[in-house]
Amino acid sequence: MVKNYKSLIFILLITFLSSFIAGFITQLNIDPWYQSLNKLSFSPPNWIFGPVWTVLYAFMSIAIWVVYEKSKKSDLIFSKKILRYYFYHLAINLSWSFIFFYFHLIFFAFINILVLIITIIFLMYLYFPRSKISFILMVPYLLWITFAAVLNLGLYLIN
């Protein structure tokens, strides 16, 4: 049983390391560029992003962990593959902060989010037959990223 939790700890560490890097890049580059952009009327305040992302990263980690643990008992090849897919998706997620906040490429950041949405849907598709709970844990993430895509496109169009 402890061995199972080692994989959860590993997944949480990698996921939250990604979150830390994204947050660091964001904080280093948010002022003055982002503050000077015209914002959409429904843009949430900056303080909301930290708590929301913390919950989403926890949900994402638990979702992949459940699928990984379930599948490694019956399909070791799939379990390794799904973990790789998850980490690739995490890299796409992380790259948005660099594209948007570091390079200030708003339109390319939007394209990045579209790719991210596809990877989230793909993961959810793979999760569904193995764990409905994992699938459900990904729904808030997909909704938040879809909202982020709307915000990102809006920023591109009004700036």
# chains A, B, ... in the order shown; residues from 1 in each chain; ligands from 1
>>> residues_around(residues="range 132-149 of chain A", least_positions_apart="6", cutoff="12 Å", atoms="only C-alpha atoms", output="ChimeraX atom specification")
/A:40,42-44,48-49,52-70,86,93,96,100,106-126,155-156
>>> write_last_selection(atoms="N, CA and C atoms", output="short mmCIF file (atom, residue, chain, number, x, y, z; two decimals), in the first residue's frame")
data_model
loop_
_atom_site.label_atom_id
_atom_site.label_comp_id
_atom_site.auth_asym_id
_atom_site.auth_seq_id
_atom_site.Cartn_x
_atom_site.Cartn_y
_atom_site.Cartn_z
N LEU A 40 -10.89 42.14 -20.22
CA LEU A 40 -12.30 41.91 -20.46
C LEU A 40 -13.08 42.19 -19.18
N PHE A 42 -15.25 40.56 -17.70
CA PHE A 42 -15.46 39.38 -16.86
C PHE A 42 -14.15 38.69 -16.45
N SER A 43 -13.03 39.37 -16.65
CA SER A 43 -11.74 38.82 -16.21
C SER A 43 -11.73 38.73 -14.68
N PRO A 44 -11.38 37.57 -14.15
CA PRO A 44 -11.33 37.45 -12.69
C PRO A 44 -10.14 38.22 -12.12
N ILE A 48 -7.43 35.24 -7.63
CA ILE A 48 -8.22 34.01 -7.73
C ILE A 48 -7.45 32.87 -8.38
N PHE A 49 -6.45 33.20 -9.20
CA PHE A 49 -5.77 32.17 -9.98
C PHE A 49 -5.00 31.18 -9.11
N VAL A 52 -7.46 28.63 -7.37
CA VAL A 52 -8.10 27.78 -8.38
C VAL A 52 -7.09 26.77 -8.92
N TRP A 53 -5.91 27.24 -9.29
CA TRP A 53 -4.91 26.32 -9.84
C TRP A 53 -4.45 25.29 -8.82
N THR A 54 -4.38 25.64 -7.57
CA THR A 54 -3.99 24.68 -6.54
C THR A 54 -4.98 23.52 -6.51
N VAL A 55 -6.25 23.83 -6.52
CA VAL A 55 -7.28 22.78 -6.52
C VAL A 55 -7.22 21.97 -7.81
N LEU A 56 -7.09 22.65 -8.94
CA LEU A 56 -7.05 21.94 -10.22
C LEU A 56 -5.84 21.01 -10.32
N TYR A 57 -4.68 21.47 -9.88
CA TYR A 57 -3.49 20.61 -9.91
C TYR A 57 -3.65 19.40 -8.99
N ALA A 58 -4.29 19.59 -7.85
CA ALA A 58 -4.55 18.45 -6.96
C ALA A 58 -5.50 17.46 -7.64
N PHE A 59 -6.59 17.96 -8.24
CA PHE A 59 -7.54 17.09 -8.94
C PHE A 59 -6.86 16.34 -10.09
N MET A 60 -6.05 17.05 -10.88
CA MET A 60 -5.35 16.42 -12.00
C MET A 60 -4.44 15.30 -11.51
N SER A 61 -3.73 15.57 -10.41
CA SER A 61 -2.80 14.59 -9.86
C SER A 61 -3.52 13.34 -9.38
N ILE A 62 -4.60 13.55 -8.68
CA ILE A 62 -5.37 12.40 -8.18
C ILE A 62 -5.96 11.61 -9.35
N ALA A 63 -6.45 12.32 -10.35
CA ALA A 63 -7.05 11.67 -11.52
C ALA A 63 -6.04 10.75 -12.21
N ILE A 64 -4.86 11.25 -12.51
CA ILE A 64 -3.87 10.40 -13.18
C ILE A 64 -3.39 9.28 -12.28
N TRP A 65 -3.26 9.57 -11.00
CA TRP A 65 -2.79 8.55 -10.06
C TRP A 65 -3.76 7.37 -10.01
N VAL A 66 -5.05 7.65 -9.93
CA VAL A 66 -6.05 6.58 -9.88
C VAL A 66 -5.97 5.73 -11.15
N VAL A 67 -5.92 6.37 -12.30
CA VAL A 67 -5.85 5.62 -13.57
C VAL A 67 -4.55 4.84 -13.64
N TYR A 68 -3.46 5.45 -13.28
CA TYR A 68 -2.15 4.78 -13.30
C TYR A 68 -2.16 3.54 -12.40
N GLU A 69 -2.61 3.71 -11.17
CA GLU A 69 -2.62 2.58 -10.23
C GLU A 69 -3.55 1.46 -10.68
N LYS A 70 -4.71 1.81 -11.19
CA LYS A 70 -5.65 0.79 -11.68
C LYS A 70 -5.09 0.05 -12.88
N TYR A 86 0.28 12.21 -19.60
CA TYR A 86 -0.04 13.20 -18.57
C TYR A 86 1.10 14.22 -18.44
N ASN A 93 0.83 22.61 -20.70
CA ASN A 93 0.23 23.54 -19.74
C ASN A 93 1.26 24.56 -19.27
N TRP A 96 2.43 27.51 -21.62
CA TRP A 96 1.58 28.68 -21.79
C TRP A 96 2.14 29.89 -21.03
N PHE A 100 2.89 33.27 -23.01
CA PHE A 100 2.08 34.44 -22.71
C PHE A 100 2.85 35.48 -21.91
N ILE A 106 0.43 36.73 -27.28
CA ILE A 106 -0.94 36.44 -26.85
C ILE A 106 -1.63 35.46 -27.80
N PHE A 107 -1.50 35.67 -29.10
CA PHE A 107 -2.17 34.78 -30.04
C PHE A 107 -1.60 33.36 -29.99
N PHE A 108 -0.27 33.24 -29.90
CA PHE A 108 0.34 31.91 -29.83
C PHE A 108 0.00 31.22 -28.50
N ALA A 109 -0.19 32.01 -27.47
CA ALA A 109 -0.64 31.44 -26.19
C ALA A 109 -2.05 30.87 -26.35
N PHE A 110 -2.88 31.55 -27.13
CA PHE A 110 -4.22 31.04 -27.41
C PHE A 110 -4.15 29.71 -28.16
N ILE A 111 -3.29 29.63 -29.15
CA ILE A 111 -3.09 28.37 -29.89
C ILE A 111 -2.63 27.28 -28.92
N ASN A 112 -1.72 27.64 -28.02
CA ASN A 112 -1.25 26.70 -27.00
C ASN A 112 -2.41 26.17 -26.15
N ILE A 113 -3.32 27.06 -25.78
CA ILE A 113 -4.48 26.62 -24.98
C ILE A 113 -5.36 25.68 -25.78
N LEU A 114 -5.53 25.93 -27.05
CA LEU A 114 -6.33 25.02 -27.88
C LEU A 114 -5.70 23.63 -27.91
N VAL A 115 -4.39 23.58 -28.03
CA VAL A 115 -3.69 22.29 -27.99
C VAL A 115 -3.87 21.65 -26.61
N LEU A 116 -3.79 22.46 -25.57
CA LEU A 116 -3.98 21.95 -24.21
C LEU A 116 -5.38 21.37 -24.04
N ILE A 117 -6.38 22.05 -24.56
CA ILE A 117 -7.76 21.53 -24.48
C ILE A 117 -7.85 20.16 -25.15
N ILE A 118 -7.22 20.02 -26.30
CA ILE A 118 -7.22 18.73 -27.00
C ILE A 118 -6.56 17.65 -26.14
N THR A 119 -5.44 17.99 -25.50
CA THR A 119 -4.76 16.98 -24.67
C THR A 119 -5.59 16.62 -23.44
N ILE A 120 -6.30 17.60 -22.88
CA ILE A 120 -7.15 17.31 -21.72
C ILE A 120 -8.29 16.38 -22.14
N ILE A 121 -8.92 16.68 -23.26
CA ILE A 121 -10.01 15.82 -23.75
C ILE A 121 -9.48 14.42 -24.05
N PHE A 122 -8.29 14.33 -24.62
CA PHE A 122 -7.68 13.03 -24.91
C PHE A 122 -7.45 12.24 -23.61
N LEU A 123 -6.90 12.91 -22.60
CA LEU A 123 -6.70 12.25 -21.31
C LEU A 123 -8.03 11.79 -20.73
N MET A 124 -9.03 12.65 -20.78
CA MET A 124 -10.35 12.29 -20.25
C MET A 124 -10.93 11.10 -20.99
N TYR A 125 -10.73 11.06 -22.29
CA TYR A 125 -11.18 9.93 -23.11
C TYR A 125 -10.50 8.63 -22.66
N LEU A 126 -9.21 8.71 -22.36
CA LEU A 126 -8.49 7.53 -21.88
C LEU A 126 -8.86 7.17 -20.45
N LEU A 155 -8.25 38.89 -24.83
CA LEU A 155 -7.09 39.77 -24.65
C LEU A 155 -6.42 40.05 -26.00
N TYR A 156 -6.32 39.02 -26.80
CA TYR A 156 -5.70 39.20 -28.12
C TYR A 156 -6.52 40.17 -28.96
#
>>> closest_residue(among="A:Ser131, A:Asn159, A:Ser19, A:Ser79", to="Gly50 in chain A", atoms="only C-alpha atoms")
A:Ser19
>>> closest_residue(among="A:Leu37, A:Leu76, A:Leu94, A:Leu28", to="Ile14 in chain A", atoms="only C-alpha atoms")
A:Leu94
>>> residues_around(residues="Leu157 in chain A", least_positions_apart="3", cutoff="10 Å", atoms="only C-alpha atoms", output="PyMOL selection string")
chain A and resi 38+106-107+151-154
>>> select_by_dssp(residues="range 34-81 of chain A", states="helix (DSSP H, G or I)", output="ChimeraX atom specification")
/A:34-36,46-74,76-81
>>> write_last_selection(atoms="N, CA and C atoms", output="compact mmCIF listing (two decimals), in the first residue's frame")
# COMPACT_ATOMS: atom_id res chain seq x y z
N TYR A 34 1.49 42.85 -18.36
CA TYR A 34 0.13 42.33 -18.23
C TYR A 34 -0.80 43.39 -17.62
N GLN A 35 -0.29 44.12 -16.65
CA GLN A 35 -1.12 45.14 -15.99
C GLN A 35 -1.53 46.23 -16.97
N SER A 36 -0.74 46.43 -18.01
CA SER A 36 -1.05 47.49 -18.98
C SER A 36 -2.05 47.05 -20.05
N ASN A 46 -6.67 38.89 -10.18
CA ASN A 46 -5.44 38.08 -10.18
C ASN A 46 -5.35 37.12 -9.00
N TRP A 47 -5.85 37.52 -7.82
CA TRP A 47 -5.70 36.68 -6.62
C TRP A 47 -6.45 35.35 -6.74
N ILE A 48 -7.43 35.24 -7.63
CA ILE A 48 -8.22 34.01 -7.73
C ILE A 48 -7.45 32.87 -8.38
N PHE A 49 -6.45 33.20 -9.20
CA PHE A 49 -5.77 32.17 -9.98
C PHE A 49 -5.00 31.18 -9.11
N GLY A 50 -4.32 31.64 -8.08
CA GLY A 50 -3.56 30.75 -7.21
C GLY A 50 -4.41 29.68 -6.56
N PRO A 51 -5.49 30.05 -5.86
CA PRO A 51 -6.34 29.02 -5.24
C PRO A 51 -6.99 28.08 -6.25
N VAL A 52 -7.46 28.63 -7.37
CA VAL A 52 -8.10 27.78 -8.38
C VAL A 52 -7.09 26.77 -8.92
N TRP A 53 -5.91 27.24 -9.29
CA TRP A 53 -4.91 26.32 -9.84
C TRP A 53 -4.45 25.29 -8.82
N THR A 54 -4.38 25.64 -7.57
CA THR A 54 -3.99 24.68 -6.54
C THR A 54 -4.98 23.52 -6.51
N VAL A 55 -6.25 23.83 -6.52
CA VAL A 55 -7.28 22.78 -6.52
C VAL A 55 -7.22 21.97 -7.81
N LEU A 56 -7.09 22.65 -8.94
CA LEU A 56 -7.05 21.94 -10.22
C LEU A 56 -5.84 21.01 -10.32
N TYR A 57 -4.68 21.47 -9.88
CA TYR A 57 -3.49 20.61 -9.91
C TYR A 57 -3.65 19.40 -8.99
N ALA A 58 -4.29 19.59 -7.85
CA ALA A 58 -4.55 18.45 -6.96
C ALA A 58 -5.50 17.46 -7.64
N PHE A 59 -6.59 17.96 -8.24
CA PHE A 59 -7.54 17.09 -8.94
C PHE A 59 -6.86 16.34 -10.09
N MET A 60 -6.05 17.05 -10.88
CA MET A 60 -5.35 16.42 -12.00
C MET A 60 -4.44 15.30 -11.51
N SER A 61 -3.73 15.57 -10.41
CA SER A 61 -2.80 14.59 -9.86
C SER A 61 -3.52 13.34 -9.38
N ILE A 62 -4.60 13.55 -8.68
CA ILE A 62 -5.37 12.40 -8.18
C ILE A 62 -5.96 11.61 -9.35
N ALA A 63 -6.45 12.32 -10.35
CA ALA A 63 -7.05 11.67 -11.52
C ALA A 63 -6.04 10.75 -12.21
N ILE A 64 -4.86 11.25 -12.51
CA ILE A 64 -3.87 10.40 -13.18
C ILE A 64 -3.39 9.28 -12.28
N TRP A 65 -3.26 9.57 -11.00
CA TRP A 65 -2.79 8.55 -10.06
C TRP A 65 -3.76 7.37 -10.01
N VAL A 66 -5.05 7.65 -9.93
CA VAL A 66 -6.05 6.58 -9.88
C VAL A 66 -5.97 5.73 -11.15
N VAL A 67 -5.92 6.37 -12.30
CA VAL A 67 -5.85 5.62 -13.57
C VAL A 67 -4.55 4.84 -13.64
N TYR A 68 -3.46 5.45 -13.28
CA TYR A 68 -2.15 4.78 -13.30
C TYR A 68 -2.16 3.54 -12.40
N GLU A 69 -2.61 3.71 -11.17
CA GLU A 69 -2.62 2.58 -10.23
C GLU A 69 -3.55 1.46 -10.68
N LYS A 70 -4.71 1.81 -11.19
CA LYS A 70 -5.65 0.79 -11.68
C LYS A 70 -5.09 0.05 -12.88
N SER A 71 -4.50 0.79 -13.80
CA SER A 71 -4.07 0.17 -15.05
C SER A 71 -2.76 -0.59 -14.92
N LYS A 72 -1.92 -0.23 -13.96
CA LYS A 72 -0.64 -0.94 -13.88
C LYS A 72 -0.82 -2.38 -13.41
N LYS A 73 -1.96 -2.68 -12.80
CA LYS A 73 -2.25 -4.05 -12.39
C LYS A 73 -2.65 -4.93 -13.57
N SER A 74 -3.29 -4.31 -14.57
CA SER A 74 -3.80 -5.10 -15.69
C SER A 74 -3.10 -4.82 -17.01
N LEU A 76 0.42 -2.94 -17.88
CA LEU A 76 1.61 -2.17 -17.52
C LEU A 76 2.04 -1.22 -18.63
N ILE A 77 1.91 -1.64 -19.87
CA ILE A 77 2.30 -0.79 -21.00
C ILE A 77 1.42 0.46 -21.04
N PHE A 78 0.11 0.28 -20.88
CA PHE A 78 -0.79 1.43 -20.87
C PHE A 78 -0.49 2.35 -19.70
N SER A 79 -0.22 1.78 -18.53
CA SER A 79 0.02 2.61 -17.34
C SER A 79 1.23 3.52 -17.54
N LYS A 80 2.26 3.01 -18.17
CA LYS A 80 3.43 3.84 -18.44
C LYS A 80 3.12 4.88 -19.51
N LYS A 81 2.35 4.47 -20.51
CA LYS A 81 1.98 5.37 -21.60
C LYS A 81 1.10 6.51 -21.08
>>> closest_residue(among="A:Phe24, A:Ile99, A:Ile11, A:Lys39", to="Arg84 in chain A", atoms="only C-alpha atoms")
A:Ile11
>>> residues_around(residues="Phe98 in chain A", least_positions_apart="6", cutoff="10 Å", atoms="only C-alpha atoms", output="ChimeraX atom specification")
/A:21-22,25-26,29,104-105,109
>>> decode(residues="range 2-35 of chain A", atoms="N, CA and C atoms", output="JSON list (two decimals), in the first residue's frame")
[["chain", "number", "residue", "atom", "x", "y", "z"],
["A", 2, "VAL", "N", 1.93, 1.28, 0.76],
["A", 2, "VAL", "CA", 2.82, 2.45, 0.79],
["A", 2, "VAL", "C", 3.39, 2.71, -0.60],
["A", 3, "LYS", "N", 3.67, 1.64, -1.32],
["A", 3, "LYS", "CA", 4.22, 1.78, -2.67],
["A", 3, "LYS", "C", 3.26, 2.59, -3.56],
["A", 4, "ASN", "N", 1.95, 2.36, -3.41],
["A", 4, "ASN", "CA", 0.96, 3.11, -4.19],
["A", 4, "ASN", "C", 1.06, 4.60, -3.90],
["A", 5, "TYR", "N", 1.28, 4.94, -2.64],
["A", 5, "TYR", "CA", 1.35, 6.34, -2.27],
["A", 5, "TYR", "C", 2.64, 6.99, -2.74],
["A", 6, "LYS", "N", 3.67, 6.20, -2.97],
["A", 6, "LYS", "CA", 4.91, 6.75, -3.53],
["A", 6, "LYS", "C", 4.64, 7.31, -4.93],
["A", 7, "SER", "N", 3.83, 6.60, -5.70],
["A", 7, "SER", "CA", 3.50, 7.10, -7.04],
["A", 7, "SER", "C", 2.66, 8.38, -6.95],
["A", 8, "LEU", "N", 1.77, 8.46, -5.97],
["A", 8, "LEU", "CA", 0.97, 9.67, -5.79],
["A", 8, "LEU", "C", 1.88, 10.84, -5.41],
["A", 9, "ILE", "N", 2.79, 10.61, -4.51],
["A", 9, "ILE", "CA", 3.73, 11.66, -4.09],
["A", 9, "ILE", "C", 4.58, 12.12, -5.27],
["A", 10, "PHE", "N", 5.05, 11.17, -6.07],
["A", 10, "PHE", "CA", 5.84, 11.50, -7.27],
["A", 10, "PHE", "C", 5.02, 12.37, -8.23],
["A", 11, "ILE", "N", 3.78, 11.96, -8.50],
["A", 11, "ILE", "CA", 2.92, 12.70, -9.41],
["A", 11, "ILE", "C", 2.63, 14.10, -8.86],
["A", 12, "LEU", "N", 2.32, 14.18, -7.57],
["A", 12, "LEU", "CA", 2.07, 15.48, -6.95],
["A", 12, "LEU", "C", 3.30, 16.39, -7.03],
["A", 13, "LEU", "N", 4.48, 15.81, -6.77],
["A", 13, "LEU", "CA", 5.71, 16.61, -6.83],
["A", 13, "LEU", "C", 5.96, 17.18, -8.23],
["A", 14, "ILE", "N", 5.82, 16.34, -9.24],
["A", 14, "ILE", "CA", 6.05, 16.79, -10.61],
["A", 14, "ILE", "C", 5.00, 17.82, -11.01],
["A", 15, "THR", "N", 3.75, 17.55, -10.67],
["A", 15, "THR", "CA", 2.66, 18.46, -11.03],
["A", 15, "THR", "C", 2.84, 19.81, -10.36],
["A", 16, "PHE", "N", 3.12, 19.80, -9.05],
["A", 16, "PHE", "CA", 3.26, 21.08, -8.36],
["A", 16, "PHE", "C", 4.59, 21.77, -8.65],
["A", 17, "LEU", "N", 5.60, 21.03, -9.06],
["A", 17, "LEU", "CA", 6.83, 21.66, -9.55],
["A", 17, "LEU", "C", 6.50, 22.46, -10.82],
["A", 18, "SER", "N", 5.72, 21.85, -11.69],
["A", 18, "SER", "CA", 5.27, 22.54, -12.90],
["A", 18, "SER", "C", 4.49, 23.80, -12.53],
["A", 19, "SER", "N", 3.62, 23.68, -11.55],
["A", 19, "SER", "CA", 2.84, 24.82, -11.08],
["A", 19, "SER", "C", 3.74, 25.92, -10.52],
["A", 20, "PHE", "N", 4.74, 25.52, -9.76],
["A", 20, "PHE", "CA", 5.68, 26.49, -9.19],
["A", 20, "PHE", "C", 6.43, 27.24, -10.29],
["A", 21, "ILE", "N", 6.90, 26.50, -11.29],
["A", 21, "ILE", "CA", 7.64, 27.13, -12.40],
["A", 21, "ILE", "C", 6.72, 28.11, -13.15],
["A", 22, "ALA", "N", 5.49, 27.68, -13.44],
["A", 22, "ALA", "CA", 4.54, 28.55, -14.14],
["A", 22, "ALA", "C", 4.26, 29.81, -13.32],
["A", 23, "GLY", "N", 4.06, 29.63, -12.04],
["A", 23, "GLY", "CA", 3.80, 30.78, -11.17],
["A", 23, "GLY", "C", 4.99, 31.72, -11.09],
["A", 24, "PHE", "N", 6.17, 31.15, -11.04],
["A", 24, "PHE", "CA", 7.40, 31.94, -10.98],
["A", 24, "PHE", "C", 7.56, 32.78, -12.25],
["A", 25, "ILE", "N", 7.37, 32.15, -13.40],
["A", 25, "ILE", "CA", 7.47, 32.87, -14.68],
["A", 25, "ILE", "C", 6.41, 33.97, -14.75],
["A", 26, "THR", "N", 5.21, 33.65, -14.29],
["A", 26, "THR", "CA", 4.14, 34.64, -14.29],
["A", 26, "THR", "C", 4.49, 35.82, -13.40],
["A", 27, "GLN", "N", 4.91, 35.56, -12.17],
["A", 27, "GLN", "CA", 5.23, 36.64, -11.23],
["A", 27, "GLN", "C", 6.38, 37.51, -11.72],
["A", 28, "LEU", "N", 7.35, 36.91, -12.35],
["A", 28, "LEU", "CA", 8.48, 37.69, -12.86],
["A", 28, "LEU", "C", 8.09, 38.61, -14.01],
["A", 29, "ASN", "N", 7.06, 38.23, -14.73],
["A", 29, "ASN", "CA", 6.75, 38.94, -15.97],
["A", 29, "ASN", "C", 5.37, 39.59, -16.00],
["A", 30, "ILE", "N", 4.66, 39.58, -14.90],
["A", 30, "ILE", "CA", 3.30, 40.13, -14.91],
["A", 30, "ILE", "C", 3.30, 41.66, -14.95],
["A", 31, "ASP", "N", 4.27, 42.27, -14.29],
["A", 31, "ASP", "CA", 4.38, 43.73, -14.26],
["A", 31, "ASP", "C", 5.49, 44.18, -15.19],
["A", 32, "PRO", "N", 5.37, 45.23, -15.89],
["A", 32, "PRO", "CA", 4.18, 46.06, -16.07],
["A", 32, "PRO", "C", 3.34, 45.62, -17.26],
["A", 33, "TRP", "N", 3.85, 44.65, -18.05],
["A", 33, "TRP", "CA", 3.21, 44.31, -19.32],
["A", 33, "TRP", "C", 1.75, 43.89, -19.14],
["A", 34, "TYR", "N", 1.49, 42.85, -18.36],
["A", 34, "TYR", "CA", 0.13, 42.33, -18.23],
["A", 34, "TYR", "C", -0.80, 43.39, -17.62],
["A", 35, "GLN", "N", -0.29, 44.12, -16.65],
["A", 35, "GLN", "CA", -1.12, 45.14, -15.99],
["A", 35, "GLN", "C", -1.53, 46.23, -16.97]]
